[in-house]
Every structure is written in C-alpha cells, then in structure tokens.
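Data first, discussion second: the structure below is written as structure tokens.
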Amino acid sequence: MYYLCGRKKYKFFLNMINRRHIRVKVMQSVYAMTHAQSDNLVKEEKFLRSSIDKMYDLYVLSLDMIVRVNQLAENTLEASKKKFLATKEELNPNRKFINNKAVQLLKESTSLQNYLEETKLNNWYLDSSYVNNMYKKLLESDLYKNYMAEEETSFKKDKQFLIHFFEEFIAPDEKIAEYYEGENISWVDDIPFVNTWIVKTLQELKAEKPFVLGKMYKNADDEAFVSDLFKKVVLNLSKLEEEVADKTPNWELDRIADVDMILIKMAICEFLKFPSIPVKATINEYLEIAKDYSTEKSSVFINGVLDKTWKDFDKNGRLKKIGRGML
C-alpha cells in the first residue's frame, strides 16, 4: 500500500518537490476548502504551505531511520563487548554494517543533524520501538546475512546494500506508515513520493563527498507556483465552473466527480492564467493526477473536456501563451 513502486510515478530533480506534486497538494487543498465551505483564503493557503513544508520533515525522518538503525547496531555490539562472559564473537564483532560508508555520510551530515535539532524531530528517540523492530527485521534477513558474509568492501556495495535495505524493509513497512499517518494526516499521500525521493537521494551519494540536504523547491518560480495556482483557482471557482458547464452541455455538473471537477478547473485556470505553461504540459499533468486520484474512466473524460476547451480558447483568441508556454 505504501511502497514506493505503487501507482504514483514521479519525475525527479535534485530538489525535493516537483510541479506535479505541487498540483496534487493544491488539488487536495481546494477539495478540502470547498467541502468545508471555507472562505478563509489566508488560513487555507497557510495550511497548504504547511503541508508541503511537513513533507520535508517526513523526508528527514526517513533518512534518520537509517541512521538510528545503524546507531542501534553499534550500541548493541558495544554493550555485548562489556558482558562479563562475552564470547569471542562478541569481543571481536563484524562491524561491516556499522562502518557502512554510505551510512557514515548520513551520520556525519551537518545539515541533516542541524535540521533534526532545529525542528526537534526526535521521533525515533521518543518512539524507539520502531527502530528496534526495524533492526530486528534486518538482522534476520538474508540481505543482511549475505552482506555481512561478503569479504569484499566498497562504497558501491555499501550503497547498494543501503538502497536495498530501504526499498525492502523501511519503505514497505506498514507499521511505520501507520505511525506517519498518525503523526500527520497529510503524509498519507506523501509517503510514496518521499520513499522514492529517499532512494534517489541514496543513489546520489558520492564517496568522500559530504551529504547535504537539498532544497525543497527547484527554484523560486516553483515556490511561487504553489500560492499562484491555489489563489487563482479559488478566487475564480465560479467562473471556472461556468467554463466547465459550457464545455459539458450534455452533463449535469453534479454528475461530475468532485475530484474530476477540481482537476478540470485547475487545468482551465492554467490555460487562461499561466501563459508560460504549455497546454500539452498542463493536460498531461492533470491526466496523470487523475489516474492516481480519481476513477479509471476519469482520465478519458477529463482529456475530452480539456481537449475541447483549449481548442475553443485557441479559436476564440482566449489562449495567450508566451515563451515556453507556446511549445
């Protein structure tokens, strides 16, 4: 359910969030706002921003889980060495996982540790049972046993092991997913995105190069896009609904699924009020979102409405695209 290879697929940059996920977040906020019949734009925009910022917390917590499991392994071995009747194996343990070079980059990351301290993300100290359970599962796995038994050591192999550890144990763990959901309800839809971003982060680790947390947004334009899209959709909901009604004369609006209606309105808003975004990009993005968040037939219906809409706008001179938006 929560594994990174589910229905959602994302194109990634070296930054945290991309425009498709921004659109998803805006869609969720518009949906919540309309259903709550709220008219407090400032409050709702603040919540939208907060839900995106909290994604970063989820990302950091997921990285920190790796670090905590590694630290627990080290603490366990050190405690075993101090036993009164410690065995030869306990006195001279296999430290291959503890010394994993890829993990060490995370453990020694100043930006990662500073973020944890500044935001007081001490979840795995307060709820250490999740770390204990994950360490136990790892110890009992063939992945761990084979890795520890292999004599050859290299940064590449250390990194590959770490990626497999995350993909096979942490990402699909239902208990951790349920814990995240209990901590922040908005994380439910963020888990697949963040899990995939963690794998991308681990793949990008370089030997001897310090790990530095990336930025949330690709650039200032993407950051501004959050508020611009949300406000322009919310402030024009009535007009956008008229546009939908005009393009669906054979449909009663209340027969259109709520999510489909919101996605169509958002796309029409981009057609008219975001001249630098190409029509094709807008349509493709909302069709992909519909596949993940609406019914199986929704993407076909939405595609038909949007195709008819943009052609009508273009014919009547209402479609004014500039720069990259003309591509």
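Chain identifiers are assigned as A, B, and so on, following the order in which chains appear in the structure tokens; residues are numbered from 1 within each chain, and ligands are numbered from 1 in order of appearance.
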Inset, instruction - List every residue of segment 21-197 of chain A that DSSP, applied to the backbone of this structure, assigns to alpha helix (DSSP H), and report them as an NGL selection string. - result: :A and (21-35 or 41-81 or 88-91 or 101-107 or 110-118 or 123-126 or 129-139 or 142-149 or 155-165 or 174-183 or 191-197)
With C-alpha atoms retained, export the selected residues as a CSV table (one decimal), in the first residue's frame.
```csv
chain,number,residue,atom,x,y,z
A,21,HIS,CA,3.2,17.1,-6.6
A,22,ILE,CA,2.5,20.8,-6.1
A,23,ARG,CA,-0.6,20.4,-8.2
A,24,VAL,CA,-1.6,17.4,-6.1
A,25,LYS,CA,-1.2,19.5,-2.9
A,26,VAL,CA,-3.2,22.3,-4.4
A,27,MET,CA,-6.0,19.9,-5.6
A,28,GLN,CA,-6.2,18.5,-2.0
A,29,SER,CA,-6.4,21.9,-0.5
A,30,VAL,CA,-9.1,23.1,-3.0
A,31,TYR,CA,-11.1,19.9,-2.3
A,32,ALA,CA,-10.9,20.4,1.5
A,33,MET,CA,-11.7,24.1,1.2
A,34,THR,CA,-14.8,23.6,-1.0
A,35,HIS,CA,-16.1,20.7,1.1
A,41,LEU,CA,-8.2,32.1,1.8
A,42,VAL,CA,-5.3,33.2,4.1
A,43,LYS,CA,-5.9,30.3,6.5
A,44,GLU,CA,-6.2,27.7,3.8
A,45,GLU,CA,-3.1,28.9,1.9
A,46,LYS,CA,-1.2,28.8,5.2
A,47,PHE,CA,-2.3,25.2,5.7
A,48,LEU,CA,-1.3,24.3,2.1
A,49,ARG,CA,2.2,25.8,2.7
A,50,SER,CA,2.5,23.9,6.0
A,51,SER,CA,1.5,20.6,4.4
A,52,ILE,CA,4.3,21.0,1.8
A,53,ASP,CA,6.8,22.0,4.5
A,54,LYS,CA,5.9,19.0,6.6
A,55,MET,CA,6.9,16.8,3.6
A,56,TYR,CA,10.4,17.8,4.3
A,57,ASP,CA,10.1,16.5,7.9
A,58,LEU,CA,8.9,13.2,6.6
A,59,TYR,CA,11.9,13.0,4.2
A,60,VAL,CA,14.3,13.8,7.0
A,61,LEU,CA,12.7,11.3,9.4
A,62,SER,CA,13.0,8.6,6.8
A,63,LEU,CA,16.7,9.3,6.4
A,64,ASP,CA,17.1,9.4,10.2
A,65,MET,CA,15.5,5.9,10.5
A,66,ILE,CA,18.5,4.6,8.5
A,67,VAL,CA,20.9,6.4,10.8
A,68,ARG,CA,19.1,5.2,14.0
A,69,VAL,CA,19.2,1.6,13.0
A,70,ASN,CA,22.9,1.8,12.3
A,71,GLN,CA,23.5,3.5,15.7
A,72,LEU,CA,21.4,0.9,17.4
A,73,ALA,CA,23.6,-1.8,15.8
A,74,GLU,CA,26.7,-0.1,17.1
A,75,ASN,CA,25.3,0.4,20.6
A,76,THR,CA,24.2,-3.3,20.7
A,77,LEU,CA,27.7,-4.5,19.8
A,78,GLU,CA,29.4,-2.2,22.3
A,79,ALA,CA,27.1,-3.5,25.0
A,80,SER,CA,27.8,-7.1,24.1
A,81,LYS,CA,31.6,-6.5,24.4
A,88,LYS,CA,34.9,-14.3,21.2
A,89,GLU,CA,32.5,-13.2,18.5
A,90,GLU,CA,31.1,-10.5,20.8
A,91,LEU,CA,34.6,-9.3,21.7
A,101,LYS,CA,30.5,4.1,4.2
A,102,ALA,CA,27.2,5.3,2.8
A,103,VAL,CA,25.5,5.4,6.2
A,104,GLN,CA,28.5,7.3,7.6
A,105,LEU,CA,27.8,10.1,5.1
A,106,LEU,CA,24.3,10.5,6.6
A,107,LYS,CA,25.6,10.2,10.2
A,110,THR,CA,25.9,18.6,9.4
A,111,SER,CA,22.8,19.8,7.5
A,112,LEU,CA,20.9,16.6,8.4
A,113,GLN,CA,21.8,16.8,12.1
A,114,ASN,CA,21.1,20.6,12.3
A,115,TYR,CA,17.7,20.1,10.7
A,116,LEU,CA,16.8,17.4,13.2
A,117,GLU,CA,17.8,19.6,16.1
A,118,GLU,CA,16.3,22.8,14.8
A,123,ASN,CA,10.6,10.9,16.9
A,124,TRP,CA,12.9,7.9,16.8
A,125,TYR,CA,14.2,8.7,20.3
A,126,LEU,CA,10.6,9.0,21.7
A,129,SER,CA,10.3,0.7,19.3
A,130,TYR,CA,10.1,1.3,15.5
A,131,VAL,CA,13.9,1.4,15.3
A,132,ASN,CA,14.2,-1.7,17.4
A,133,ASN,CA,11.7,-3.6,15.2
A,134,MET,CA,13.4,-2.5,12.0
A,135,TYR,CA,16.8,-3.6,13.3
A,136,LYS,CA,15.5,-7.0,14.3
A,137,LYS,CA,13.9,-7.5,10.9
A,138,LEU,CA,17.2,-6.5,9.2
A,139,LEU,CA,19.3,-8.9,11.4
A,142,ASP,CA,19.1,-12.8,4.0
A,143,LEU,CA,20.0,-9.4,2.7
A,144,TYR,CA,21.9,-8.6,6.0
A,145,LYS,CA,23.5,-12.1,6.3
A,146,ASN,CA,24.8,-12.1,2.8
A,147,TYR,CA,26.1,-8.6,3.1
A,148,MET,CA,27.9,-9.3,6.3
A,149,ALA,CA,29.4,-12.5,5.0
A,155,PHE,CA,31.5,2.3,-1.3
A,156,LYS,CA,29.4,1.0,-4.2
A,157,LYS,CA,28.5,-2.2,-2.4
A,158,ASP,CA,27.7,-0.3,0.8
A,159,LYS,CA,25.4,2.0,-1.1
A,160,GLN,CA,23.7,-0.8,-2.9
A,161,PHE,CA,23.0,-2.6,0.4
A,162,LEU,CA,21.6,0.6,1.9
A,163,ILE,CA,19.3,1.1,-1.0
A,164,HIS,CA,18.0,-2.5,-0.8
A,165,PHE,CA,17.6,-2.1,3.0
A,174,GLU,CA,3.1,-0.9,7.3
A,175,LYS,CA,3.7,-0.1,11.0
A,176,ILE,CA,6.0,2.9,10.1
A,177,ALA,CA,3.4,4.1,7.5
A,178,GLU,CA,0.7,3.9,10.1
A,179,TYR,CA,2.9,5.8,12.5
A,180,TYR,CA,3.5,8.5,9.9
A,181,GLU,CA,-0.2,8.7,9.2
A,182,GLY,CA,-0.9,9.2,12.9
A,183,GLU,CA,1.7,11.9,13.2
A,191,ILE,CA,4.7,8.6,1.6
A,192,PRO,CA,5.2,7.1,-1.9
A,193,PHE,CA,6.7,10.4,-3.1
A,194,VAL,CA,9.1,10.7,-0.2
A,195,ASN,CA,10.1,7.0,-0.3
A,196,THR,CA,11.1,7.3,-3.9
A,197,TRP,CA,12.9,10.5,-3.2
```
Inset, instruction - For each of A:Phe301, A:Met16, A:Ala281, A:Ser38, take the minimum atom-to-atom distance to Ile198 of chain A, counting only C-alpha atoms, then give the residue where this is smallest. - result: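 Checking each candidate against Ile198 of chain A, we get A:Met16 as the closest.
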Inset, instruction - Quick one: everything within 10 Å of Leu229 of chain A, counting only C-alpha atoms, minus sequence neighbours fewer than 3 positions away in the same chain. Send it as a ChimeraX atom specification. - result: /A:22-23,26-27,224-226,232-234,266-267,269-270,273-274
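Excluding Ile283 of chain A itself and any same-chain residue fewer than 5 positions from it, the protein and nucleic acid residues within 12 Å of it, counting only C-alpha atoms, are A:Arg20, A:Leu263, A:Ile264, A:Lys265, A:Met266, A:Ala267, A:Ile268, A:Cys269, A:Glu270, A:Phe271, A:Ile277, A:Pro278, A:Glu288, A:Ile289, A:Ala290, A:Ser299, A:Val300, A:Ile302, A:Asn303, A:Gly304, A:Val305, A:Leu306, A:Asp307, A:Lys308, A:Thr309, A:Trp310.
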Legend entry - Atomic distance atom CA of Val279 of chain A - atom CA of Gly325 of chain A, expressed in Å with one decimal: 7.1 Å
